[in-house]
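Structure file coords.cif (mmCIF, C-alpha atoms) follows.
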```
data_my_file
#
loop_
_atom_site.label_atom_id
_atom_site.label_comp_id
_atom_site.auth_asym_id
_atom_site.auth_seq_id
_atom_site.Cartn_x
_atom_site.Cartn_y
_atom_site.Cartn_z
CA GLY A 173 65.96 107.68 14.91
CA HIS A 174 69.47 106.74 13.71
CA ALA A 175 72.05 105.23 16.08
CA ARG A 176 74.96 107.42 16.98
CA PRO A 177 78.25 106.15 15.45
CA ARG A 178 80.98 105.00 17.84
CA ALA A 179 84.44 106.51 17.84
CA HIS A 180 86.23 103.38 16.50
CA ASP A 181 83.74 102.44 13.79
CA HIS A 182 85.81 104.14 11.11
CA LEU A 183 88.86 102.01 11.95
CA GLY A 184 87.25 98.84 10.78
CA PRO A 185 86.70 95.46 12.48
CA HIS A 186 90.39 94.45 12.48
CA ALA A 187 91.51 97.61 14.26
CA ALA A 188 88.77 97.24 16.83
CA GLN A 189 89.78 93.61 17.45
CA PHE A 190 93.42 94.67 17.85
CA ILE A 191 92.49 97.32 20.41
CA VAL A 192 90.45 94.85 22.46
CA THR A 193 93.20 92.20 22.29
CA ALA A 194 95.96 94.63 23.30
CA LEU A 195 94.14 96.45 26.08
CA LEU A 196 92.31 93.51 27.66
CA PRO A 197 95.31 92.06 29.61
CA ARG A 198 96.18 95.48 30.98
CA THR A 199 92.59 96.05 32.01
CA VAL A 200 92.46 92.69 33.79
CA ALA A 201 95.78 93.43 35.57
CA ILE A 202 94.49 96.81 36.70
CA VAL A 203 91.28 95.22 38.01
CA LYS A 204 93.27 92.57 39.91
CA MET A 205 95.53 95.19 41.47
CA ALA A 206 92.50 97.20 42.48
CA SER A 207 90.97 94.10 44.06
CA LEU A 208 94.18 93.43 46.01
CA CYS A 209 94.41 97.01 47.25
CA SER A 210 90.75 97.11 48.17
CA THR A 211 89.69 97.02 51.77
CA ARG A 212 86.85 94.65 50.93
CA SER A 213 87.34 91.02 51.89
CA VAL A 214 87.01 88.54 49.06
CA PHE A 215 85.86 85.80 51.41
CA ALA A 216 83.36 87.43 53.73
CA GLY A 217 82.42 90.48 51.72
CA LYS A 218 83.05 92.73 54.72
CA ALA A 219 85.46 95.57 55.31
CA MET A 220 88.82 94.35 56.59
CA ALA A 221 90.56 95.91 59.57
CA PHE A 222 93.20 97.77 57.61
CA GLN A 223 92.23 101.17 59.00
CA PRO A 224 94.67 102.81 61.45
CA ALA A 225 93.99 102.29 65.14
CA ARG A 226 91.63 104.83 66.59
CA VAL A 227 92.96 106.33 69.81
CA ALA A 228 90.58 108.19 72.06
CA PRO A 229 91.66 111.79 72.64
CA ARG A 230 93.36 112.28 75.98
CA VAL A 231 91.30 114.42 78.26
CA ALA A 232 93.05 116.28 81.06
CA PRO A 233 91.62 115.50 84.52
CA ALA A 234 89.38 118.12 85.97
CA PRO A 235 91.12 120.24 88.60
CA ARG A 236 90.17 119.45 92.16
CA VAL A 237 88.01 122.21 93.54
CA VAL A 238 87.82 122.60 97.30
CA THR A 239 84.86 124.65 98.42
CA VAL A 240 85.52 126.63 101.57
CA GLN A 241 82.78 128.60 103.24
CA ALA A 242 84.59 131.74 104.29
CA SER A 243 81.63 134.10 104.43
CA LYS A 244 81.55 136.33 107.47
CA VAL A 245 78.06 135.52 108.73
CA CYS A 246 76.88 135.07 112.31
CA GLU A 247 75.71 131.48 112.79
CA LEU A 248 72.91 132.39 115.22
CA THR A 249 71.54 135.72 113.99
CA GLY A 250 72.61 135.59 110.31
CA LYS A 251 74.12 139.06 110.50
CA ARG A 252 76.16 139.99 107.38
CA ARG A 253 78.29 142.89 106.27
CA ASN A 254 76.76 146.26 105.43
CA LYS A 255 77.38 148.32 102.30
CA ALA A 256 78.58 151.83 103.03
CA ASN A 257 80.38 154.74 101.43
CA SER A 258 83.67 156.25 102.42
CA VAL A 259 83.31 160.04 101.95
CA CYS A 260 86.45 162.14 101.59
CA PHE A 261 86.89 165.90 102.15
CA SER A 262 85.86 166.71 98.57
CA ASN A 263 82.63 164.71 99.06
CA LYS A 264 83.77 161.90 96.78
CA LYS A 265 82.25 158.55 97.72
CA SER A 266 83.91 155.18 97.39
CA ARG A 267 82.41 151.82 98.30
CA LYS A 268 83.39 150.10 101.53
CA PHE A 269 81.97 147.28 103.64
CA GLN A 270 81.31 147.16 107.35
CA GLU A 271 82.06 143.63 108.52
CA PRO A 272 80.36 142.12 111.60
CA ASN A 273 82.48 141.58 114.68
CA LEU A 274 82.60 137.77 114.64
CA GLN A 275 84.12 135.80 117.49
CA ARG A 276 84.74 132.09 117.95
CA GLN A 277 83.05 131.29 121.28
CA LYS A 278 82.55 128.16 123.39
CA ILE A 279 79.07 128.28 124.86
CA TYR A 280 77.83 125.91 127.56
CA TRP A 281 74.71 123.94 126.61
CA ASP A 282 72.77 122.88 129.69
CA TYR A 283 70.67 120.15 128.06
CA GLY A 284 73.62 118.43 126.37
CA GLN A 285 76.08 119.13 129.23
CA ARG A 286 78.78 120.21 126.79
CA TRP A 287 80.61 123.25 125.48
CA VAL A 288 79.67 123.87 121.84
CA SER A 289 81.80 125.95 119.48
CA LEU A 290 80.05 128.69 117.48
CA ARG A 291 81.15 131.65 115.37
CA ILE A 292 78.85 134.46 116.42
CA CYS A 293 78.84 138.24 116.51
CA THR A 294 79.06 140.31 119.68
CA LYS A 295 75.40 141.25 119.39
CA ALA A 296 74.44 137.58 119.53
CA ILE A 297 76.49 137.17 122.72
CA LYS A 298 74.22 139.73 124.42
CA THR A 299 71.09 138.12 122.96
CA LEU A 300 72.12 134.71 124.30
CA GLU A 301 71.80 135.97 127.86
CA LYS A 302 68.23 137.08 127.12
CA LYS A 303 66.82 134.23 124.96
CA GLY A 304 69.04 131.26 125.67
CA LEU A 305 71.04 128.96 123.41
CA ASP A 306 68.25 126.44 122.70
CA LYS A 307 65.77 129.01 121.39
CA MET A 308 68.31 130.87 119.23
CA ALA A 309 69.65 127.62 117.73
CA GLN A 310 66.09 126.53 116.91
CA GLU A 311 65.37 129.84 115.18
CA ALA A 312 68.63 129.57 113.17
CA GLY A 313 67.98 125.90 112.27
CA ILE A 314 71.16 124.61 113.94
CA ASP A 315 71.44 121.10 115.37
CA LEU A 316 73.52 121.53 118.52
CA TRP A 317 74.32 117.80 118.65
CA LYS A 318 76.33 118.06 115.40
CA LEU A 319 78.59 120.95 116.45
CA PRO A 320 82.19 120.58 117.69
CA PHE A 321 82.09 120.27 121.45
CA GLU A 322 83.93 119.52 124.68
CA ASP A 323 82.27 117.01 126.97
CA ALA A 324 81.43 118.46 130.39
CA ARG A 325 79.42 115.61 131.95
CA PRO A 326 80.46 115.02 135.58
CA ALA A 327 80.77 111.26 135.05
CA ARG A 328 83.04 111.80 132.05
CA LEU A 329 85.23 114.30 133.86
CA ALA A 330 85.56 111.94 136.84
CA TYR A 331 86.54 109.08 134.52
CA LEU A 332 89.19 111.20 132.80
CA GLU A 333 90.62 112.31 136.13
CA GLU A 334 90.73 108.74 137.41
CA ASN A 335 92.28 107.34 134.21
CA LYS A 336 94.54 110.26 133.36
CA GLY A 337 96.76 109.43 130.41
CA LYS A 338 95.36 105.90 129.94
CA VAL A 339 94.34 104.69 126.49
CA PRO A 340 91.30 102.37 126.22
CA VAL A 341 92.66 99.05 124.95
CA ALA A 342 90.64 95.95 124.12
CA ALA A 343 91.32 92.79 126.13
CA ASN A 344 93.96 90.53 124.63
CA PRO A 345 92.57 86.98 124.40
CA ARG A 346 96.11 85.58 124.06
CA ALA A 347 97.44 87.29 127.17
CA MET A 348 99.05 85.19 129.90
CA LYS A 349 96.51 84.28 132.60
CA ASN A 350 98.54 82.06 134.94
CA PRO A 351 99.43 84.18 138.03
CA GLU A 352 102.56 82.14 138.77
CA LYS A 353 103.91 82.68 135.27
CA LEU A 354 102.98 86.34 135.42
CA ALA A 355 104.89 86.76 138.68
CA GLY A 356 107.96 84.95 137.33
CA SER A 357 107.97 86.68 133.95
CA LYS A 358 110.64 89.33 133.41
CA LYS A 359 109.04 90.75 130.29
CA LYS A 360 107.38 94.11 130.62
CA PRO A 361 105.40 94.92 127.47
CA ARG A 362 104.89 98.53 126.57
CA VAL A 363 101.56 100.13 127.31
CA PRO A 364 99.91 103.04 125.44
CA VAL A 365 99.42 106.37 127.21
CA TYR A 366 98.33 109.85 126.16
CA SER A 367 101.20 112.33 126.18
CA LEU A 368 100.86 116.01 127.08
CA THR A 369 100.41 116.87 123.40
CA GLY A 370 97.53 114.40 123.01
CA ARG A 371 99.46 111.78 121.05
CA ILE A 372 99.52 108.07 121.93
CA VAL A 373 102.96 106.93 123.15
CA TYR A 374 103.97 103.37 124.07
CA VAL A 375 106.07 103.33 127.26
CA ARG A 376 107.33 100.81 129.80
CA PRO A 377 105.15 100.23 132.90
CA GLY A 378 106.16 102.56 135.71
CA SER A 379 107.32 105.45 133.49
CA GLU A 380 103.87 106.84 132.61
CA ALA A 381 104.38 109.95 134.77
CA MET A 382 107.23 111.15 132.54
CA TYR A 383 104.82 111.52 129.63
CA THR A 384 101.53 112.43 131.34
CA GLN A 385 102.65 115.02 133.93
CA GLU A 386 103.98 118.52 133.52
CA PRO A 387 107.70 119.12 134.25
CA GLU A 388 106.75 121.25 137.28
CA GLU A 389 104.64 118.42 138.71
CA LEU A 390 107.47 115.92 138.20
CA ALA A 391 109.96 118.22 139.94
CA ALA A 392 107.58 118.80 142.85
CA SER A 393 106.91 115.08 143.32
CA ALA A 394 110.65 114.29 143.17
CA LYS A 395 111.37 117.03 145.72
CA ALA A 396 108.64 115.75 148.05
CA ALA A 397 110.01 112.20 147.79
CA ALA A 398 113.51 113.41 148.62
CA ALA A 399 112.29 115.41 151.63
CA GLU A 400 110.63 112.43 153.30
CA PRO A 401 112.74 111.14 156.25
CA GLU A 402 114.05 107.63 155.91
CA GLU A 403 112.94 105.13 158.54
CA PRO A 404 115.82 103.76 160.67
CA GLU A 405 116.83 100.23 159.88
CA LEU A 406 116.39 97.76 162.75
CA LYS A 407 119.09 95.18 163.32
CA VAL A 408 118.62 92.13 165.55
CA VAL A 409 121.67 91.36 167.74
CA GLY A 410 121.53 88.59 170.33
CA GLY A 411 117.77 88.55 170.41
CA ALA A 412 117.55 92.30 171.09
CA LYS A 413 116.62 94.94 168.48
CA GLU A 414 118.78 97.98 168.12
CA ASP A 415 118.70 100.93 165.77
CA LYS A 416 121.37 101.26 163.13
#
```
Can I see the file as structure tokens?
Amino acid sequence: GHARPRAHDHLGPHAAQFIVTALLPRTVAIVKMASLCSTRSVFAGKAMAFQPARVAPRVAPAPRVVTVQASKVCELTGKRRNKANSVCFSNKKSRKFQEPNLQRQKIYWDYGQRWVSLRICTKAIKTLEKKGLDKMAQEAGIDLWKLPFEDARPARLAYLEENKGKVPVAANPRAMKNPEKLAGSKKKPRVPVYSLTGRIVYVRPGSEAMYTQEPEELAASAKAAAAEPEEPELKVVGGAKEDK
């Protein structure tokens, strides 16, 4: 039930007062320094922004992945490669694959009046003659309207033959409309035409044949123009016409 004696009780009251008087200023200075170095704000009581800036880790961009469907499968019949064994003279077997004979074919579609491009096997080419393209495409779940094609409509072919090399151009609302000014104008703006390679080329009016015709056709037309006989020029002398 007795109180435990303190460590400085044996020094007496004067020594204890001396210790408190000597150590108190140092203790206060230490407390003040601790308060200055603290990250707590004296005014708001909240943590101050003395922490170092946090930078998000740099993440490398994901590599671009291009998916290419390179499987050797017939688009109409779904025929794939077969697993087989290659047997040597000592009867050792090694794995091999028998690939289907795939061919890129343009097949005429009667209903759509177009040539559609398909990658099919040679067996499917024989089956097409028996079943027809519409039935086989329906069984395979293929939409023939969405396949690459070449237009074979008679109206389209006639339009291309009539407008060979011409590029469809929208009407220019600012174009000159006065016929007198058009006749007196010396400016000849360039017009777009399709070249032999399929590119659009802007040329002067009258020189479209150089870009839209084959060299053999140009040579033949020039030869035919040179072979035509020139008409004799008529000269009027004293009221009578005579050949020159």
### Query
Near Leu305 in chain A, within 12 Å and counting only C-alpha atoms, which residues show up once chain neighbours fewer than 3 positions away are dropped, as an MDAnalysis selection string?
chainID A and resid 247:249 278:284 287:290 292 296:302 308:316
Selected residues written out with C-alpha atoms, as a tab-separated table (two decimals), in the coordinates of the input:
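Generated file (result27.tsv):
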```tsv
chain	number	residue	atom	x	y	z
A	247	GLU	CA	75.71	131.48	112.79
A	248	LEU	CA	72.91	132.39	115.22
A	249	THR	CA	71.54	135.72	113.99
A	278	LYS	CA	82.55	128.16	123.39
A	279	ILE	CA	79.07	128.28	124.86
A	280	TYR	CA	77.83	125.91	127.56
A	281	TRP	CA	74.71	123.94	126.61
A	282	ASP	CA	72.77	122.88	129.69
A	283	TYR	CA	70.67	120.15	128.06
A	284	GLY	CA	73.62	118.43	126.37
A	287	TRP	CA	80.61	123.25	125.48
A	288	VAL	CA	79.67	123.87	121.84
A	289	SER	CA	81.80	125.95	119.48
A	290	LEU	CA	80.05	128.69	117.48
A	292	ILE	CA	78.85	134.46	116.42
A	296	ALA	CA	74.44	137.58	119.53
A	297	ILE	CA	76.49	137.17	122.72
A	298	LYS	CA	74.22	139.73	124.42
A	299	THR	CA	71.09	138.12	122.96
A	300	LEU	CA	72.12	134.71	124.30
A	301	GLU	CA	71.80	135.97	127.86
A	302	LYS	CA	68.23	137.08	127.12
A	308	MET	CA	68.31	130.87	119.23
A	309	ALA	CA	69.65	127.62	117.73
A	310	GLN	CA	66.09	126.53	116.91
A	311	GLU	CA	65.37	129.84	115.18
A	312	ALA	CA	68.63	129.57	113.17
A	313	GLY	CA	67.98	125.90	112.27
A	314	ILE	CA	71.16	124.61	113.94
A	315	ASP	CA	71.44	121.10	115.37
A	316	LEU	CA	73.52	121.53	118.52
```
### Task
Convert the output of the PyMOL selection byres ((chain A and resi 339) around 12) on the shown file into explicit residues, formatted as a list in words.
Leu332, Asn335, Lys336, Gly337, Lys338, Pro340, Val341, Ala342, Val363, Pro364, Val365, Tyr366, Ser367, Gly370, Arg371, Ile372, Val373, Tyr374, Val375, Glu380 and Thr384 of chain A
### Query
What's the 7 Å shell around Arg376 in chain A, counting all atoms listed in the file, without same-chain residues fewer than 2 positions away, as number ranges by chain?
A: 360-363, 378-379
### Query
Which value, in Å to one decimal, gives the distance between CA of Gln275 in chain A and CA of Lys303 in chain A?
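Answer for the CA of Gln275 in chain A to CA of Lys303 in chain A separation: 18.9 Å.
If you look at CA of Leu274 in chain A and CA of Asn254 in chain A, they are 13.8 Å away from each other.
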### Message
Could you tell me how far CA of Tyr383 in chain A sits from CA of Ala398 in chain A, in Å to one decimal place?
### Response
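Calculated distance between CA of Ala398 in chain A and CA of Tyr383 in chain A is 21.0 Å.
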### Message
List as an MDAnalysis selection string the protein and nucleic acid residues near Arg253 in chain A, meaning an atom at most 7 Å away when only C-alpha atoms are counted, but skip any in the same chain fewer than 5 places from it.
### Response
chainID A and resid 269:272
